$ cat my_file38.csv   # CSV, C-alpha atoms
chain,number,residue,atom,x,y,z
A,1,MET,CA,35.3,-17.4,23.6
A,2,PHE,CA,34.6,-14.2,21.7
A,3,HIS,CA,36.8,-13.4,18.8
A,4,SER,CA,39.3,-10.6,19.4
A,5,ILE,CA,39.8,-8.2,16.5
A,6,GLY,CA,43.4,-7.9,15.3
A,7,TRP,CA,45.8,-7.4,12.3
A,8,HIS,CA,45.3,-11.0,11.2
A,9,ASP,CA,41.6,-10.3,10.5
A,10,LEU,CA,42.2,-7.9,7.6
A,11,GLU,CA,42.4,-9.7,4.2
A,12,PHE,CA,44.9,-8.0,1.9
A,13,ASP,CA,46.3,-8.7,-1.5
A,14,ARG,CA,49.9,-9.9,-1.3
A,15,LEU,CA,53.0,-9.3,-3.3
A,16,PRO,CA,56.3,-11.3,-3.3
A,17,VAL,CA,59.5,-9.8,-2.0
A,18,PRO,CA,62.6,-11.8,-3.0
A,19,PHE,CA,65.7,-12.0,-0.7
A,20,PHE,CA,68.7,-14.2,0.1
A,21,SER,CA,69.6,-15.9,3.3
A,22,THR,CA,73.1,-15.5,4.7
A,23,ALA,CA,74.1,-18.7,2.9
A,24,GLY,CA,72.9,-17.3,-0.4
A,25,VAL,CA,69.7,-19.4,-0.6
A,26,PRO,CA,66.9,-17.5,-2.5
A,27,GLN,CA,63.8,-16.8,-0.3
A,28,THR,CA,60.5,-15.1,-0.9
A,29,LYS,CA,58.4,-13.2,1.6
A,30,TRP,CA,54.7,-12.4,0.7
A,31,VAL,CA,53.7,-9.0,2.1
A,32,LYS,CA,50.2,-7.4,2.5
A,33,VAL,CA,49.4,-4.5,0.3
A,34,GLY,CA,46.5,-2.2,-0.7
A,35,MET,CA,43.1,-1.7,0.9
A,36,PRO,CA,41.9,-4.7,3.0
A,37,ARG,CA,38.7,-6.6,2.7
A,38,ILE,CA,36.9,-6.1,6.1
A,39,PRO,CA,35.7,-9.5,7.3
A,40,ASP,CA,32.7,-10.3,9.4
A,41,SER,CA,34.9,-10.8,12.4
A,42,VAL,CA,35.6,-7.0,12.4
A,43,ILE,CA,32.1,-5.9,11.4
A,44,SER,CA,30.4,-7.9,14.1
A,45,GLY,CA,32.2,-5.8,16.8
A,46,VAL,CA,29.6,-3.1,16.7
A,47,PHE,CA,26.0,-2.8,17.9
A,48,TYR,CA,23.1,-0.4,17.4
A,49,LEU,CA,21.5,1.9,20.0
A,50,TYR,CA,17.8,2.7,20.4
A,51,SER,CA,15.7,4.9,22.8
A,52,SER,CA,13.4,2.1,23.8
A,53,ARG,CA,13.1,-1.7,24.0
A,54,ASP,CA,10.1,-1.6,21.6
A,55,ASP,CA,12.1,0.3,19.0
A,56,ALA,CA,15.1,-2.0,19.3
A,57,LEU,CA,12.9,-5.1,18.8
A,58,ALA,CA,11.2,-3.5,15.8
A,59,GLY,CA,14.4,-2.1,14.4
A,60,ARG,CA,13.0,1.4,14.0
A,61,ASN,CA,14.5,4.8,14.8
A,62,PRO,CA,18.1,3.8,15.7
A,63,GLY,CA,20.1,6.6,17.2
A,64,GLY,CA,23.8,5.6,16.9
A,65,THR,CA,26.5,3.0,17.0
A,66,GLY,CA,28.5,1.4,19.8
A,67,PHE,CA,31.2,-1.3,20.0
A,68,ILE,CA,32.4,-4.0,22.4
A,69,VAL,CA,35.7,-3.7,24.3
A,70,ARG,CA,37.4,-6.3,26.4
A,71,TYR,CA,39.4,-4.8,29.2
A,72,ASP,CA,42.8,-6.4,29.3
A,73,GLY,CA,44.6,-3.6,31.2
A,74,THR,CA,47.5,-1.6,29.9
A,75,TRP,CA,49.3,-2.6,26.6
A,76,GLY,CA,52.6,-4.3,27.2
A,77,ARG,CA,51.6,-6.0,30.4
A,78,LEU,CA,50.0,-9.4,30.9
A,79,PRO,CA,46.2,-9.3,30.6
A,80,SER,CA,44.2,-8.9,33.8
A,81,HIS,CA,42.2,-12.0,34.6
A,82,GLY,CA,38.5,-12.1,34.3
A,83,ASN,CA,36.1,-11.4,31.4
A,84,HIS,CA,35.4,-7.7,31.5
A,85,PHE,CA,33.3,-6.6,28.5
A,86,TYR,CA,32.1,-3.0,27.9
A,87,GLY,CA,29.8,-1.3,25.5
A,88,VAL,CA,31.3,1.9,24.3
A,89,THR,CA,29.6,4.8,22.5
A,90,ASN,CA,29.3,8.6,22.6
A,91,TRP,CA,27.9,10.4,25.7
A,92,HIS,CA,25.7,12.5,23.4
A,93,VAL,CA,24.1,9.3,22.0
A,94,ALA,CA,23.5,7.2,25.1
A,95,CYS,CA,23.1,10.0,27.7
A,96,SER,CA,22.2,13.3,26.1
A,97,ARG,CA,19.8,12.0,23.5
A,98,GLY,CA,18.7,8.9,25.4
A,99,PHE,CA,19.6,6.2,22.8
A,100,SER,CA,20.8,3.9,25.6
A,101,VAL,CA,19.2,0.5,24.7
A,102,ILE,CA,21.6,-1.9,23.1
A,103,ARG,CA,20.8,-4.4,20.3
A,104,LEU,CA,23.2,-7.2,19.6
A,105,ASN,CA,23.1,-9.9,16.9
A,106,THR,CA,22.7,-13.5,18.0
A,107,LYS,CA,24.0,-16.7,16.5
A,108,ASP,CA,20.5,-18.0,15.7
A,109,GLY,CA,20.0,-15.1,13.2
A,110,GLY,CA,18.0,-12.9,15.6
A,111,THR,CA,18.9,-10.1,18.1
A,112,ASP,CA,19.2,-9.7,21.8
A,113,VAL,CA,18.1,-6.4,23.4
A,114,ILE,CA,19.7,-5.1,26.6
A,115,GLU,CA,17.4,-2.5,28.1
A,116,LEU,CA,19.4,0.3,29.7
A,117,GLY,CA,18.7,3.9,30.7
A,118,PRO,CA,21.0,6.9,30.3
A,119,GLU,CA,21.7,6.7,34.0
A,120,ASP,CA,23.3,3.2,33.5
A,121,TRP,CA,26.1,4.5,31.4
A,122,HIS,CA,29.4,5.6,33.0
A,123,PHE,CA,31.3,8.7,31.9
A,124,LEU,CA,33.7,11.4,33.2
A,125,PRO,CA,31.6,14.4,34.0
A,126,GLY,CA,32.6,17.5,32.1
A,127,LYS,CA,35.1,15.6,29.9
A,128,TYR,CA,35.1,13.4,26.8
A,129,ASP,CA,32.1,12.6,24.7
A,130,ILE,CA,32.5,8.9,25.7
A,131,ALA,CA,30.1,6.7,27.7
A,132,VAL,CA,30.7,3.0,28.6
A,133,VAL,CA,28.6,0.3,30.3
A,134,PRO,CA,29.6,-3.1,31.7
A,135,LEU,CA,28.1,-6.0,29.6
A,136,ALA,CA,27.5,-9.7,30.4
A,137,LEU,CA,28.0,-11.6,27.1
A,138,ASP,CA,27.4,-15.3,26.3
A,139,HIS,CA,29.6,-16.7,23.5
A,140,GLU,CA,26.9,-19.4,22.8
A,141,ILE,CA,24.2,-16.8,22.2
A,142,HIS,CA,25.8,-13.5,21.0
A,143,ASP,CA,27.3,-13.3,17.5
A,144,VAL,CA,29.8,-10.5,18.3
A,145,SER,CA,33.5,-9.9,18.4
A,146,GLN,CA,35.4,-7.5,20.6
A,147,VAL,CA,38.5,-5.3,20.5
A,148,SER,CA,41.0,-5.7,23.4
A,149,THR,CA,42.4,-2.7,25.2
A,150,HIS,CA,45.8,-4.1,24.1
A,151,GLN,CA,44.7,-3.2,20.5
A,152,PHE,CA,44.2,0.5,21.5
A,153,LEU,CA,46.5,3.1,19.9
A,154,ARG,CA,48.7,4.4,22.7
A,155,HIS,CA,49.6,7.9,23.6
A,156,PRO,CA,52.6,9.2,21.5
A,157,ASP,CA,54.5,9.8,24.8
A,158,GLU,CA,54.4,6.1,25.5
A,159,PRO,CA,57.3,3.9,24.2
A,160,GLY,CA,57.0,1.2,21.7
A,161,ILE,CA,55.4,0.6,18.3
A,162,GLY,CA,52.0,1.8,17.2
A,163,HIS,CA,52.5,5.5,16.5
A,164,ILE,CA,50.8,6.9,13.4
A,165,GLY,CA,51.0,9.9,11.1
A,166,VAL,CA,49.1,12.0,8.6
A,167,GLY,CA,48.1,10.0,5.5
A,168,ASP,CA,47.7,6.6,7.3
A,169,ASP,CA,44.6,4.7,6.2
A,170,VAL,CA,41.5,4.6,8.5
A,171,PHE,CA,38.1,2.9,8.4
A,172,MET,CA,35.1,2.8,10.7
A,173,ILE,CA,32.2,0.5,11.1
A,174,GLY,CA,28.8,1.8,12.0
A,175,LEU,CA,25.1,2.4,11.4
A,176,PHE,CA,24.0,3.6,8.0
A,177,ILE,CA,20.6,4.9,9.1
A,178,ASP,CA,18.9,4.6,5.7
A,179,HIS,CA,19.8,1.0,5.2
A,180,ASP,CA,20.6,-0.6,8.6
A,181,GLY,CA,19.2,-4.1,8.4
A,182,MET,CA,15.9,-3.6,10.3
A,183,SER,CA,15.4,-7.0,11.8
A,184,VAL,CA,19.2,-7.5,12.5
A,185,ASN,CA,22.2,-5.2,12.7
A,186,VAL,CA,23.9,-4.9,9.3
A,187,PRO,CA,26.7,-2.3,9.7
A,188,SER,CA,28.4,-0.5,6.9
A,189,ALA,CA,32.0,0.8,6.6
A,190,ARG,CA,33.5,4.2,5.6
A,191,PHE,CA,37.1,4.7,4.5
A,192,GLY,CA,39.6,7.5,4.5
A,193,ASN,CA,42.9,8.9,5.8
A,194,ILE,CA,44.2,10.8,8.8
A,195,SER,CA,44.2,14.5,7.9
A,196,MET,CA,45.4,15.9,11.3
A,197,LEU,CA,46.9,14.3,14.3
A,198,SER,CA,45.4,14.9,17.7
A,199,ASN,CA,47.0,17.8,19.6
A,200,PRO,CA,46.2,19.1,23.1
A,201,LYS,CA,47.0,22.6,21.8
A,202,ALA,CA,44.4,22.3,19.0
A,203,THR,CA,41.2,21.4,20.8
A,204,ILE,CA,37.6,21.0,19.6
A,205,LYS,CA,34.5,21.6,21.7
A,206,GLN,CA,32.7,18.3,22.3
A,207,SER,CA,29.1,17.7,23.2
A,208,THR,CA,29.8,17.8,26.9
A,209,GLY,CA,31.3,21.3,26.5
A,210,TYR,CA,34.8,20.0,27.0
A,211,MET,CA,37.5,21.4,24.8
A,212,GLY,CA,39.4,18.2,23.9
A,213,GLU,CA,41.9,16.9,21.4
A,214,SER,CA,40.7,14.8,18.4
A,215,PHE,CA,42.2,13.2,15.3
A,216,VAL,CA,40.7,14.6,12.2
A,217,ALA,CA,40.2,12.1,9.3
A,218,ASP,CA,39.3,12.8,5.7
A,219,MET,CA,36.3,10.4,5.9
A,220,HIS,CA,32.7,11.0,5.1
A,221,SER,CA,30.1,10.2,7.8
A,222,ARG,CA,26.4,11.0,8.5
A,223,THR,CA,23.7,10.4,11.0
A,224,GLY,CA,24.0,7.1,12.8
A,225,PHE,CA,27.8,6.7,12.8
A,226,SER,CA,28.3,8.5,16.1
A,227,GLY,CA,30.0,6.1,18.5
A,228,SER,CA,31.6,4.0,15.7
A,229,PRO,CA,35.1,2.5,16.2
A,230,VAL,CA,37.7,4.0,14.0
A,231,TYR,CA,40.7,1.8,13.1
A,232,VAL,CA,44.0,2.8,11.6
A,233,TYR,CA,46.3,0.5,9.5
A,234,ARG,CA,49.5,0.6,7.5
A,235,THR,CA,50.8,-1.8,4.9
A,236,VAL,CA,54.0,-2.1,2.8
A,237,GLY,CA,54.6,1.2,1.0
A,238,GLY,CA,52.4,3.1,3.4
A,239,ASP,CA,55.3,4.9,5.2
A,240,LEU,CA,56.9,7.5,3.0
A,241,GLY,CA,59.5,8.2,5.7
A,242,ASN,CA,61.1,4.8,5.0
A,243,ASP,CA,63.2,4.4,1.8
A,244,PHE,CA,62.4,0.7,1.5
A,245,PHE,CA,58.6,0.8,1.3
A,246,GLY,CA,57.9,0.3,5.0
A,247,TYR,CA,60.7,-2.3,5.6
A,248,GLU,CA,63.9,-2.2,7.6
A,249,PHE,CA,66.9,-4.4,6.9
A,250,GLU,CA,69.4,-6.2,9.0
A,251,ARG,CA,71.7,-9.3,8.6
A,252,LEU,CA,70.1,-10.7,5.4
A,253,GLN,CA,70.6,-9.9,1.7
A,254,MET,CA,67.7,-8.7,-0.4
A,255,ARG,CA,67.7,-8.4,-4.2
A,256,SER,CA,65.5,-6.2,-6.4
A,257,ASP,CA,64.4,-6.8,-10.0
A,258,PHE,CA,66.8,-4.1,-11.1
A,259,GLY,CA,69.9,-5.9,-10.0
A,260,ASP,CA,70.4,-4.0,-6.7
A,261,SER,CA,70.9,-5.9,-3.5
A,262,PHE,CA,70.6,-5.0,0.1
A,263,ARG,CA,71.8,-6.8,3.2
A,264,GLY,CA,69.5,-7.1,6.1
A,265,SER,CA,66.6,-8.9,7.7
A,266,VAL,CA,63.0,-8.1,6.7
A,267,VAL,CA,61.2,-6.1,9.4
A,268,PHE,CA,57.7,-5.0,8.4
A,269,ARG,CA,56.6,-1.6,9.9
A,270,GLY,CA,52.9,-2.2,9.5
A,271,LEU,CA,50.3,-1.7,12.1
A,272,PHE,CA,46.6,-2.1,13.0
A,273,ARG,CA,45.1,-0.3,16.0
A,274,LEU,CA,41.9,1.1,17.3
A,275,LEU,CA,42.5,4.8,16.6
A,276,GLY,CA,39.5,6.0,18.7
A,277,ILE,CA,35.8,6.7,18.6
A,278,HIS,CA,34.0,8.8,16.0
A,279,TRP,CA,32.0,11.6,17.6
A,280,GLY,CA,31.2,14.3,14.9
A,281,GLN,CA,32.2,16.2,11.8
A,282,PHE,CA,33.0,19.7,11.0
A,283,PRO,CA,29.9,21.3,9.3
A,284,GLU,CA,30.0,23.1,6.0
A,285,LYS,CA,27.5,25.6,4.6
A,286,TRP,CA,26.3,25.9,1.0
A,287,GLU,CA,24.1,28.7,-0.3
A,288,LEU,CA,20.5,27.6,-0.7
A,289,HIS,CA,19.1,28.8,-4.1
A,290,GLU,CA,15.7,27.1,-3.7
A,291,ARG,CA,14.4,26.3,-0.2
A,292,PRO,CA,13.0,22.8,0.1
A,293,ALA,CA,9.3,22.6,1.0
A,294,GLN,CA,9.9,20.2,3.9
A,295,LEU,CA,12.8,18.6,5.7
A,296,SER,CA,12.3,15.6,8.0
A,297,GLU,CA,12.9,16.5,11.6
A,298,SER,CA,14.4,13.0,12.2
A,299,ARG,CA,17.3,13.7,10.0
A,300,ARG,CA,20.3,16.0,10.9
A,301,ASP,CA,22.1,15.6,7.6
A,302,LEU,CA,21.0,19.0,6.2
A,303,ILE,CA,19.9,22.0,8.4
A,304,VAL,CA,18.3,25.0,6.8
A,305,GLU,CA,19.5,28.3,8.3
A,306,GLY,CA,18.2,31.2,6.2
A,307,GLY,CA,19.6,31.1,2.8
A,308,TYR,CA,22.1,28.4,3.5
A,309,VAL,CA,22.1,24.6,4.0
A,310,GLU,CA,24.4,23.2,6.6
A,311,GLY,CA,25.9,19.7,5.8
A,312,MET,CA,28.9,17.6,6.7
A,313,SER,CA,32.3,18.6,5.4
A,314,GLY,CA,33.8,15.1,5.3
A,315,MET,CA,36.3,16.0,8.0
A,316,THR,CA,35.5,13.5,10.8
A,317,CYS,CA,36.5,14.0,14.4
A,318,VAL,CA,37.9,11.0,16.4
A,319,ILE,CA,38.5,11.0,20.1
A,320,PRO,CA,41.8,9.1,20.7
A,321,ALA,CA,41.7,5.6,22.1
A,322,TRP,CA,43.8,6.5,25.1
A,323,HIS,CA,40.9,8.6,26.3
A,324,ILE,CA,38.6,5.6,26.1
A,325,MET,CA,41.1,3.8,28.3
A,326,GLU,CA,40.9,6.7,30.8
A,327,VAL,CA,37.1,6.3,31.1
A,328,LEU,CA,37.5,2.5,31.5
A,329,ASP,CA,40.0,3.2,34.3
A,330,MET,CA,37.7,5.5,36.3
A,331,PRO,CA,37.4,4.5,40.0
A,332,THR,CA,33.8,3.2,39.7
A,333,LEU,CA,34.7,0.7,37.0
A,334,LYS,CA,37.9,-0.4,38.7
A,335,ASP,CA,35.9,-1.1,41.8
A,336,LEU,CA,33.3,-3.2,39.8
A,337,ARG,CA,36.1,-5.2,38.2
A,338,GLN,CA,37.9,-6.0,41.4
A,339,PRO,CA,35.9,-9.0,42.7
A,340,GLU,CA,36.0,-10.9,39.4
A,341,THR,CA,39.7,-10.1,39.0
A,342,ILE,CA,40.6,-11.4,42.5
A,343,ARG,CA,38.5,-14.6,41.9
A,344,ALA,CA,40.0,-15.2,38.5
A,345,GLU,CA,43.6,-14.7,39.8
A,346,LYS,CA,43.1,-17.2,42.6
A,347,GLU,CA,41.8,-19.8,40.1
A,348,TYR,CA,44.7,-19.0,37.7
A,349,ALA,CA,47.2,-19.5,40.6
A,350,ARG,CA,45.6,-22.8,41.5
A,351,GLN,CA,45.8,-24.1,38.0
A,352,PHE,CA,49.3,-22.7,37.2
A,353,PRO,CA,51.3,-22.4,40.4
A,354,GLY,CA,54.5,-20.4,39.9
A,355,ALA,CA,53.3,-18.8,36.7
A,356,ALA,CA,53.9,-15.1,36.0
A,357,LYS,CA,51.2,-12.9,37.5
A,358,PRO,CA,49.1,-10.6,35.4
A,359,GLU,CA,48.3,-7.1,36.3
A,360,ALA,CA,47.7,-6.8,40.0
A,361,ALA,CA,44.2,-6.6,41.3
A,362,GLU,CA,43.1,-3.0,41.4
A,363,PRO,CA,42.8,-1.5,44.9
A,364,PRO,CA,39.4,-0.5,46.2
A,365,ALA,CA,38.3,2.9,45.1
A,366,PRO,CA,35.7,5.3,46.5
A,367,LEU,CA,32.3,4.4,45.2
A,368,ALA,CA,30.8,6.8,42.6
A,369,ASN,CA,27.9,6.8,40.1
A,370,ASP,CA,25.1,4.7,41.6
A,371,ALA,CA,26.5,4.9,45.1
A,372,ASN,CA,27.3,8.6,44.7
A,373,PRO,CA,24.3,10.7,45.9
A,374,THR,CA,25.1,13.4,43.4
A,375,HIS,CA,25.4,11.1,40.4
A,376,ARG,CA,22.0,11.8,39.0
A,377,GLU,CA,22.4,15.6,39.6
A,378,ASP,CA,25.7,15.5,37.9
A,379,PHE,CA,24.1,13.6,35.0
A,380,MET,CA,21.2,16.0,34.6
A,381,ARG,CA,23.5,19.1,34.9
A,382,LEU,CA,25.7,17.8,32.0
A,383,VAL,CA,22.7,17.1,29.9
A,384,GLY,CA,21.4,20.6,30.4
A,385,ALA,CA,24.8,22.1,29.8
A,386,ALA,CA,25.5,20.5,26.4
A,387,ALA,CA,26.6,23.3,24.1
A,388,ARG,CA,26.6,23.9,20.4
A,389,LYS,CA,30.1,23.2,19.1
A,390,PRO,CA,32.2,23.9,15.9
A,391,ALA,CA,32.1,20.2,15.0
A,392,GLN,CA,28.7,18.8,14.2
A,393,GLU,CA,27.8,15.5,15.9
A,394,ASP,CA,26.2,12.9,13.7
$ encode --input "my_file38.csv" --output "structure tokens"
Amino acid sequence: MFHSIGWHDLEFDRLPVPFFSTAGVPQTKWVKVGMPRIPDSVISGVFYLYSSRDDALAGRNPGGTGFIVRYDGTWGRLPSHGNHFYGVTNWHVACSRGFSVIRLNTKDGGTDVIELGPEDWHFLPGKYDIAVVPLALDHEIHDVSQVSTHQFLRHPDEPGIGHIGVGDDVFMIGLFIDHDGMSVNVPSARFGNISMLSNPKATIKQSTGYMGESFVADMHSRTGFSGSPVYVYRTVGGDLGNDFFGYEFERLQMRSDFGDSFRGSVVFRGLFRLLGIHWGQFPEKWELHERPAQLSESRRDLIVEGGYVEGMSGMTCVIPAWHIMEVLDMPTLKDLRQPETIRAEKEYARQFPGAAKPEAAEPPAPLANDANPTHREDFMRLVGAAARKPAQED
């Protein structure tokens, strides 16, 4: 089985919180605080993308980052049966620029290359800068982890926990192009905070030409991080809207070091979710006093335009996770999941008669993509229509 990334993976410092039970017996709860250490189980959830098999094998000229998602259906419902794994990245990486070949780490210390073309990736034409591809993974070979769709941040209109706000901590894992590991994938992390929440009335033009909502994070990025997963988390003290440092109280009695006491149970309001996928940054121009003699064409970090240099502002754009879910639920992918879902449900029913059923098998949908005679034309039309946008893709 592949490891599923979750809250328990993050390694925090802990502080004691004293309280009393209803019978007056002193108790102590140890709570997680501060910035977490990011363990290998989270870092190994990403892969690198290349334009050719030879480049992937040699570890040269990587073009972006992707990550592995396990489709478990909608949050709050029983997981759908079957192992449905997907590679997720940006449309502008895998399709527009042609970095469509995946390189995964293996347990023997090497890599496994999955040779794909831009036409193998699935996307919603004219919409989000997101592309996905079904993957067959072997837990005895591949040294990877995955994030379940149940770990996705949900849309604010949906009920339940998991909503976030300005100031919440974020981090992303991806390709640092100047020091990427060469022979194997060695991802790096960048850290920051949410600066602006996504808002359908405040849209940003994406690589596909689509005007879509994005979270904006105060987090530096650069070439290679496009397609990286961005996670959001909250620890004790992280919610300024709560008087008791991110805790609610009910039924128990708590005592502070200052002699105050509060009655109530300890309910931690922390969270850890996939915020979304990083796709670009807002550019920023600085006046160029002395024009450099030469700039490498393979780097997009600095772009000379007359007397100015264009670089990255540090304001990173993140497409919300619920839009990734929308792509995973497109009719073509539902149709591809159906046979395995039906087979697994029958096996589950045989082994556990009378047990609760998971999400119902998805009904057949009209074939698209490979079976759609206009799929390639749609693909080429979108590639040609990619427009320059206010936010600079990495």
$ closest_residue --input "my_file38.csv" --among "A:Ile68, A:Met211, A:Ala349, A:Leu197" --to "A:Asp143" --atoms "only C-alpha atoms"
A:Ile68
$ closest_residue --input "my_file38.csv" --among "A:Val69, A:Ile130, A:Cys317, A:Ile164" --to "A:Cys95" --atoms "all atoms listed in the file"
A:Ile130
$ atom_distance --input "my_file38.csv" --atom1 "atom CA of A:Arg70" --atom2 "atom CA of A:Trp91"
19.2 Å
$ residues_around --input "my_file38.csv" --residues "A:Lys29" --least-positions-apart "5" --cutoff "10 Å" --atoms "all atoms listed in the file" --output "PyMOL selection string"
chain A and resi 14-19+266
$ residues_near_point --input "my_file38.csv" --point "(18.0, -13.0, 12.8)" --cutoff "6 Å" --atoms "all atoms listed in the file" --output "number ranges by chain"
A: 109-110, 184
$ atom_distance --input "my_file38.csv" --atom1 "atom CA of A:Phe123" --atom2 "atom CA of A:Thr203"
19.6 Å
$ closest_residue --input "my_file38.csv" --among "A:His92, A:Arg37, A:His139, A:His3" --to "A:Phe191" --atoms "only C-alpha atoms"
A:Arg37
$ closest_residue --input "my_file38.csv" --among "A:Ser52, A:Thr111, A:Thr65, A:Thr235" --to "A:Lys32" --atoms "only C-alpha atoms"
A:Thr235
$ closest_residue --input "my_file38.csv" --among "A:His150, A:Arg343, A:Arg190, A:Arg53" --to "A:Pro229" --atoms "all atoms listed in the file"
A:Arg190
$ atom_distance --input "my_file38.csv" --atom1 "atom CA of A:Asn105" --atom2 "atom CA of A:His179"
16.3 Å
$ closest_residue --input "my_file38.csv" --among "A:Ser145, A:Thr332, A:Asn61, A:Ser96" --to "A:Val42" --atoms "all atoms listed in the file"
A:Ser145
$ residues_around --input "my_file38.csv" --residues "A:Leu116" --least-positions-apart "2" --cutoff "9 Å" --atoms "all atoms listed in the file" --output "list in words"
Ser52, Arg53, Ser100, Val101, Ile102, Ile114, Pro118, Glu119, Asp120 and Trp121 of chain A
